[in-house]
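Enquirer: I have a structure I would like to understand better, so I am pasting it below and will then ask my questions one at a time.
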Amino acid sequence: DEDAGRHHARALPRRLPGQYNFRMTPSPISLVSLAHAADLPRLFDVWHLSVRATHDFLADSDIAFLSPYVHDELARVSAEGLLHVLRDADGSACAFLCVEHARIEMLFVHPDRRGSGAGRALVQHALAALGATAVDVNEHNTQAHGFYRHLGFIVESRSPLDPFGKPFPILHLKLAENA
């Protein structure tokens with residue numbers, strides 16, 4: 001029936017060429033903000049859960065040794081305006097980053113958000129907005145090393161001990177010149 005076809009055609013939304021029906025969502029980078037003192041307990045939890053999920057070479061005693069240091073460092077870099085947070089849609093912190101002297105000093109993602117692009121978004125923010133060009137990773141954290149390698153970092157040097165003198169070798173990475 002010709003009238004039914006015309007009625008159906010009129011019921012469809014009309015789009016002009018180049019128009020699309022989709023809702024804009026904020027890019028992950030637009031959700032990056034500076035940390036607030038109230039974020040610190042959640043950020044410590046993100047660190048702790050992330051380390052448990054990715055640093056299987058650390059014993060419980062190693063994590064217990066690092067915990068007070070991390071707690072103090074989170075407070076220091078937050079107070080200095082160096083701690084950047086990626087938040088979920090509800091505003092809760094799901095990942096964080098610290099860049100100091102062009103070096104990514106901290107990047108941790110809540111285990112529930114691993115693989116979501118949160119880490120990549122924070123590294124892109126570090127490179128584009130904060131001028132980061134280097135990062136250190138534990139040699140035994142092969143996932144982190146692969147992640148940074150994928151983003152254009154190369155090994156510049158290696159230290160056999162971590163900054164605390166423990167036998168956890170550190171790879172010193174720098175952004176490749178063609179990245």
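FYI, nothing fancy with the structure tokens labels: chains A, B, ... in order, residues from 1 per chain, ligands from 1 as they appear.
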DSSP on the backbone, then: every residue of stretch 4-173 of chain A marked strand (DSSP E), written as a VMD selection string.
Expert: chain A and resid 32 to 34 83 to 87 93 to 100 103 to 109 134 to 138 153 to 159 170 to 173
Enquirer: Just the residues within 9 Å of stretch 88-94 of chain A, please, counting only C-alpha atoms, with nothing from its chain fewer than 6 positions along; format it as a compact mmCIF listing (two decimals) with N, CA, C and O atoms, in the first residue's frame.
Expert:
```
# COMPACT_ATOMS: atom_id res chain seq x y z
N LEU A 31 38.49 13.37 31.78
CA LEU A 31 38.10 12.97 33.13
C LEU A 31 39.27 12.99 34.10
O LEU A 31 39.12 12.65 35.26
N ALA A 35 44.25 15.33 42.16
CA ALA A 35 43.75 14.65 43.35
C ALA A 35 43.47 15.67 44.45
O ALA A 35 44.08 16.72 44.51
N ASP A 39 40.68 12.18 48.31
CA ASP A 39 40.91 11.04 47.41
C ASP A 39 41.96 10.06 47.96
O ASP A 39 42.04 8.93 47.51
N ARG A 42 41.21 6.34 48.91
CA ARG A 42 40.84 5.55 47.73
C ARG A 42 42.07 5.30 46.85
O ARG A 42 42.26 4.20 46.33
N LEU A 43 42.93 6.30 46.69
CA LEU A 43 44.12 6.13 45.86
C LEU A 43 45.08 5.11 46.46
O LEU A 43 45.68 4.32 45.73
N VAL A 46 43.63 1.85 45.53
CA VAL A 46 43.93 1.55 44.12
C VAL A 46 45.36 1.03 44.00
O VAL A 46 45.61 0.02 43.32
N PHE A 108 49.05 3.74 38.47
CA PHE A 108 48.37 2.56 38.99
C PHE A 108 46.90 2.61 38.59
O PHE A 108 46.28 3.67 38.66
N VAL A 109 46.39 1.47 38.19
CA VAL A 109 45.01 1.33 37.73
C VAL A 109 44.33 0.26 38.58
O VAL A 109 44.91 -0.82 38.81
N HIS A 110 43.13 0.56 39.04
CA HIS A 110 42.35 -0.42 39.81
C HIS A 110 42.21 -1.69 38.96
O HIS A 110 41.95 -1.60 37.76
N PRO A 111 42.36 -2.87 39.56
CA PRO A 111 42.27 -4.11 38.78
C PRO A 111 40.98 -4.26 37.98
O PRO A 111 41.00 -4.83 36.89
N ASP A 112 39.88 -3.72 38.47
CA ASP A 112 38.61 -3.81 37.73
C ASP A 112 38.63 -2.99 36.45
O ASP A 112 37.79 -3.18 35.58
N ARG A 113 39.56 -2.04 36.33
CA ARG A 113 39.63 -1.17 35.16
C ARG A 113 40.81 -1.51 34.24
O ARG A 113 41.01 -0.84 33.22
N ALA A 118 42.33 2.99 30.70
CA ALA A 118 42.62 3.97 31.76
C ALA A 118 44.12 4.28 31.82
O ALA A 118 44.52 5.44 31.89
```
Enquirer: So that I can check the surroundings of A:Ala126, please list as number ranges by chain every protein, DNA and RNA residue that reaches within 8 Å of it, counting only C-alpha atoms and ignoring chain neighbours fewer than 5 positions away.
Expert: A: 97, 99, 104, 131-132
Enquirer: For all heavy atoms, I'd like the residues from the last selection saved as a PDB file, in the first residue's frame.
Expert:
```
ATOM      1  N   LEU A  97      48.154   8.904  38.510  1.00  0.00           N
ATOM      2  CA  LEU A  97      49.433   9.143  37.867  1.00  0.00           C
ATOM      3  C   LEU A  97      50.152  10.267  38.592  1.00  0.00           C
ATOM      4  O   LEU A  97      49.522  11.236  39.014  1.00  0.00           O
ATOM      5  CB  LEU A  97      49.160   9.572  36.417  1.00  0.00           C
ATOM      6  CG  LEU A  97      50.228  10.310  35.642  1.00  0.00           C
ATOM      7  CD1 LEU A  97      51.197   9.313  35.049  1.00  0.00           C
ATOM      8  CD2 LEU A  97      49.597  11.124  34.543  1.00  0.00           C
ATOM      9  N   VAL A  99      53.668  12.631  37.760  1.00  0.00           N
ATOM     10  CA  VAL A  99      54.822  12.957  36.922  1.00  0.00           C
ATOM     11  C   VAL A  99      55.628  14.014  37.653  1.00  0.00           C
ATOM     12  O   VAL A  99      55.079  15.020  38.095  1.00  0.00           O
ATOM     13  CB  VAL A  99      54.392  13.477  35.533  1.00  0.00           C
ATOM     14  CG1 VAL A  99      55.603  13.958  34.736  1.00  0.00           C
ATOM     15  CG2 VAL A  99      53.631  12.412  34.763  1.00  0.00           C
ATOM     16  N   ILE A 104      57.422   9.687  34.743  1.00  0.00           N
ATOM     17  CA  ILE A 104      56.243   9.074  35.350  1.00  0.00           C
ATOM     18  C   ILE A 104      56.735   8.327  36.582  1.00  0.00           C
ATOM     19  O   ILE A 104      57.466   7.344  36.465  1.00  0.00           O
ATOM     20  CB  ILE A 104      55.520   8.130  34.371  1.00  0.00           C
ATOM     21  CG1 ILE A 104      54.998   8.909  33.159  1.00  0.00           C
ATOM     22  CG2 ILE A 104      54.388   7.388  35.083  1.00  0.00           C
ATOM     23  CD1 ILE A 104      54.449   8.033  32.045  1.00  0.00           C
ATOM     24  N   GLY A 131      54.511  16.681  29.955  1.00  0.00           N
ATOM     25  CA  GLY A 131      55.863  16.618  29.415  1.00  0.00           C
ATOM     26  C   GLY A 131      56.678  15.410  29.824  1.00  0.00           C
ATOM     27  O   GLY A 131      57.909  15.449  29.790  1.00  0.00           O
ATOM     28  N   ALA A 132      56.034  14.316  30.180  1.00  0.00           N
ATOM     29  CA  ALA A 132      56.757  13.107  30.584  1.00  0.00           C
ATOM     30  C   ALA A 132      57.516  12.515  29.398  1.00  0.00           C
ATOM     31  O   ALA A 132      57.016  12.496  28.272  1.00  0.00           O
ATOM     32  CB  ALA A 132      55.795  12.078  31.161  1.00  0.00           C
TER      33      ALA A 132
END
```
Enquirer: Which residues are close to stretch 154-170 of chain A, i.e. within 9 Å by only C-alpha atoms, leaving aside same-chain residues fewer than 6 positions away? Reply as a PDB file with C-alpha atoms, in the first residue's frame.
Expert:
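What follows is the written file out.pdb:
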```pdb
ATOM      1  CA  PHE A  57      57.041 -11.139  42.522  1.00  0.00           C
ATOM      2  CA  LEU A  58      56.536  -9.148  45.747  1.00  0.00           C
ATOM      3  CA  ASP A 136      60.974   3.225  35.591  1.00  0.00           C
ATOM      4  CA  VAL A 137      59.435  -0.241  35.849  1.00  0.00           C
ATOM      5  CA  ASN A 138      60.284  -3.341  37.813  1.00  0.00           C
ATOM      6  CA  GLU A 139      61.969  -5.775  35.452  1.00  0.00           C
ATOM      7  CA  HIS A 140      59.799  -8.563  36.873  1.00  0.00           C
ATOM      8  CA  TYR A 148      55.176   1.023  28.040  1.00  0.00           C
ATOM      9  CA  ALA A 176      61.721   6.708  21.782  1.00  0.00           C
TER      10      ALA A 176
END
```
Enquirer: Any idea what the distance is between atom CA of A:Val32 and atom CA of A:Thr54?
Expert: 22.7 Å
Enquirer: Find the residues around A:Glu100 up to 9 Å (only C-alpha atoms counted), leave out those fewer than 3 positions away in its own chain, and share them as JSON, numbers by chain.
Expert: {"A": [77, 82, 103, 104, 105, 130, 132]}
Enquirer: If we count only C-alpha atoms and set the cut-off at 9 Å, which residues sit around A:Phe44, ignoring sequence neighbours fewer than 5 positions away in its own chain? Please answer as an MDAnalysis selection string.
Expert: chainID A and resid 39 49 67 70:71 74
Enquirer: Just all heavy atoms for this one: save the residues we selected as a PDB file, in the first residue's frame.
Expert:
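Saved result, result_8.pdb, follows:
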```pdb
ATOM      1  N   ASP A  39      40.684  12.183  48.311  1.00  0.00           N
ATOM      2  CA  ASP A  39      40.914  11.037  47.413  1.00  0.00           C
ATOM      3  C   ASP A  39      41.958  10.065  47.959  1.00  0.00           C
ATOM      4  O   ASP A  39      42.036   8.932  47.508  1.00  0.00           O
ATOM      5  CB  ASP A  39      41.423  11.516  46.045  1.00  0.00           C
ATOM      6  CG  ASP A  39      40.406  12.286  45.244  1.00  0.00           C
ATOM      7  OD1 ASP A  39      39.217  11.909  45.266  1.00  0.00           O
ATOM      8  OD2 ASP A  39      40.810  13.278  44.588  1.00  0.00           O
ATOM      9  N   LEU A  49      45.574  -2.613  45.619  1.00  0.00           N
ATOM     10  CA  LEU A  49      44.915  -3.629  44.796  1.00  0.00           C
ATOM     11  C   LEU A  49      45.656  -3.847  43.482  1.00  0.00           C
ATOM     12  O   LEU A  49      45.784  -4.978  43.002  1.00  0.00           O
ATOM     13  CB  LEU A  49      43.458  -3.241  44.544  1.00  0.00           C
ATOM     14  CG  LEU A  49      42.558  -3.257  45.780  1.00  0.00           C
ATOM     15  CD1 LEU A  49      41.221  -2.583  45.475  1.00  0.00           C
ATOM     16  CD2 LEU A  49      42.359  -4.682  46.287  1.00  0.00           C
ATOM     17  N   SER A  67      54.154   0.072  51.947  1.00  0.00           N
ATOM     18  CA  SER A  67      52.898   0.771  52.248  1.00  0.00           C
ATOM     19  C   SER A  67      53.069   2.128  52.924  1.00  0.00           C
ATOM     20  O   SER A  67      52.482   3.121  52.462  1.00  0.00           O
ATOM     21  CB  SER A  67      51.978  -0.123  53.073  1.00  0.00           C
ATOM     22  OG  SER A  67      51.511  -1.181  52.268  1.00  0.00           O
ATOM     23  N   VAL A  70      54.464   4.617  50.366  1.00  0.00           N
ATOM     24  CA  VAL A  70      53.468   4.997  49.357  1.00  0.00           C
ATOM     25  C   VAL A  70      52.441   5.950  49.962  1.00  0.00           C
ATOM     26  O   VAL A  70      52.072   6.953  49.342  1.00  0.00           O
ATOM     27  CB  VAL A  70      52.786   3.748  48.744  1.00  0.00           C
ATOM     28  CG1 VAL A  70      51.606   4.136  47.870  1.00  0.00           C
ATOM     29  CG2 VAL A  70      53.806   2.937  47.954  1.00  0.00           C
ATOM     30  N   HIS A  71      51.999   5.660  51.154  1.00  0.00           N
ATOM     31  CA  HIS A  71      51.037   6.535  51.841  1.00  0.00           C
ATOM     32  C   HIS A  71      51.593   7.952  51.935  1.00  0.00           C
ATOM     33  O   HIS A  71      50.914   8.931  51.596  1.00  0.00           O
ATOM     34  CB  HIS A  71      50.733   5.966  53.228  1.00  0.00           C
ATOM     35  CG  HIS A  71      49.666   6.687  53.936  1.00  0.00           C
ATOM     36  ND1 HIS A  71      49.918   7.763  54.762  1.00  0.00           N
ATOM     37  CD2 HIS A  71      48.322   6.514  53.942  1.00  0.00           C
ATOM     38  CE1 HIS A  71      48.791   8.213  55.237  1.00  0.00           C
ATOM     39  NE2 HIS A  71      47.800   7.478  54.761  1.00  0.00           N
ATOM     40  N   LEU A  74      51.972   9.600  48.358  1.00  0.00           N
ATOM     41  CA  LEU A  74      50.676  10.044  47.826  1.00  0.00           C
ATOM     42  C   LEU A  74      50.286  11.389  48.445  1.00  0.00           C
ATOM     43  O   LEU A  74      49.841  12.293  47.733  1.00  0.00           O
ATOM     44  CB  LEU A  74      49.592   8.998  48.071  1.00  0.00           C
ATOM     45  CG  LEU A  74      49.641   7.752  47.201  1.00  0.00           C
ATOM     46  CD1 LEU A  74      48.628   6.721  47.690  1.00  0.00           C
ATOM     47  CD2 LEU A  74      49.394   8.091  45.741  1.00  0.00           C
TER      48      LEU A  74
END
```
Enquirer: I want to know what sits within 12 Å of A:Leu151, based on only C-alpha atoms, with residues of the same chain fewer than 6 positions away left out; could you give that as a list in words?
Expert: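 Near neighbours after the sequence-gap exclusion: Gly119, Arg120, Ala121, Leu122, Val123, Gln124, Ala126, Leu127, Thr133, Ala134, Val135, Ala144, His145, Leu173, Lys174, Leu175, Ala176, Asn178 and Ala179 of chain A.
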Enquirer: If I take atom CA of A:Arg114 and atom CA of A:Phe147, how far is one from the other in Å, to one decimal?
Expert: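 If I compute the distance from atom CA of A:Arg114 to atom CA of A:Phe147, I get 11.4 Å.
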Enquirer: As an exercise, work out the distance from atom CA of A:Ser78 to atom CA of A:Ala37 in Å and give it to one decimal place.
Expert: 7.0 Å
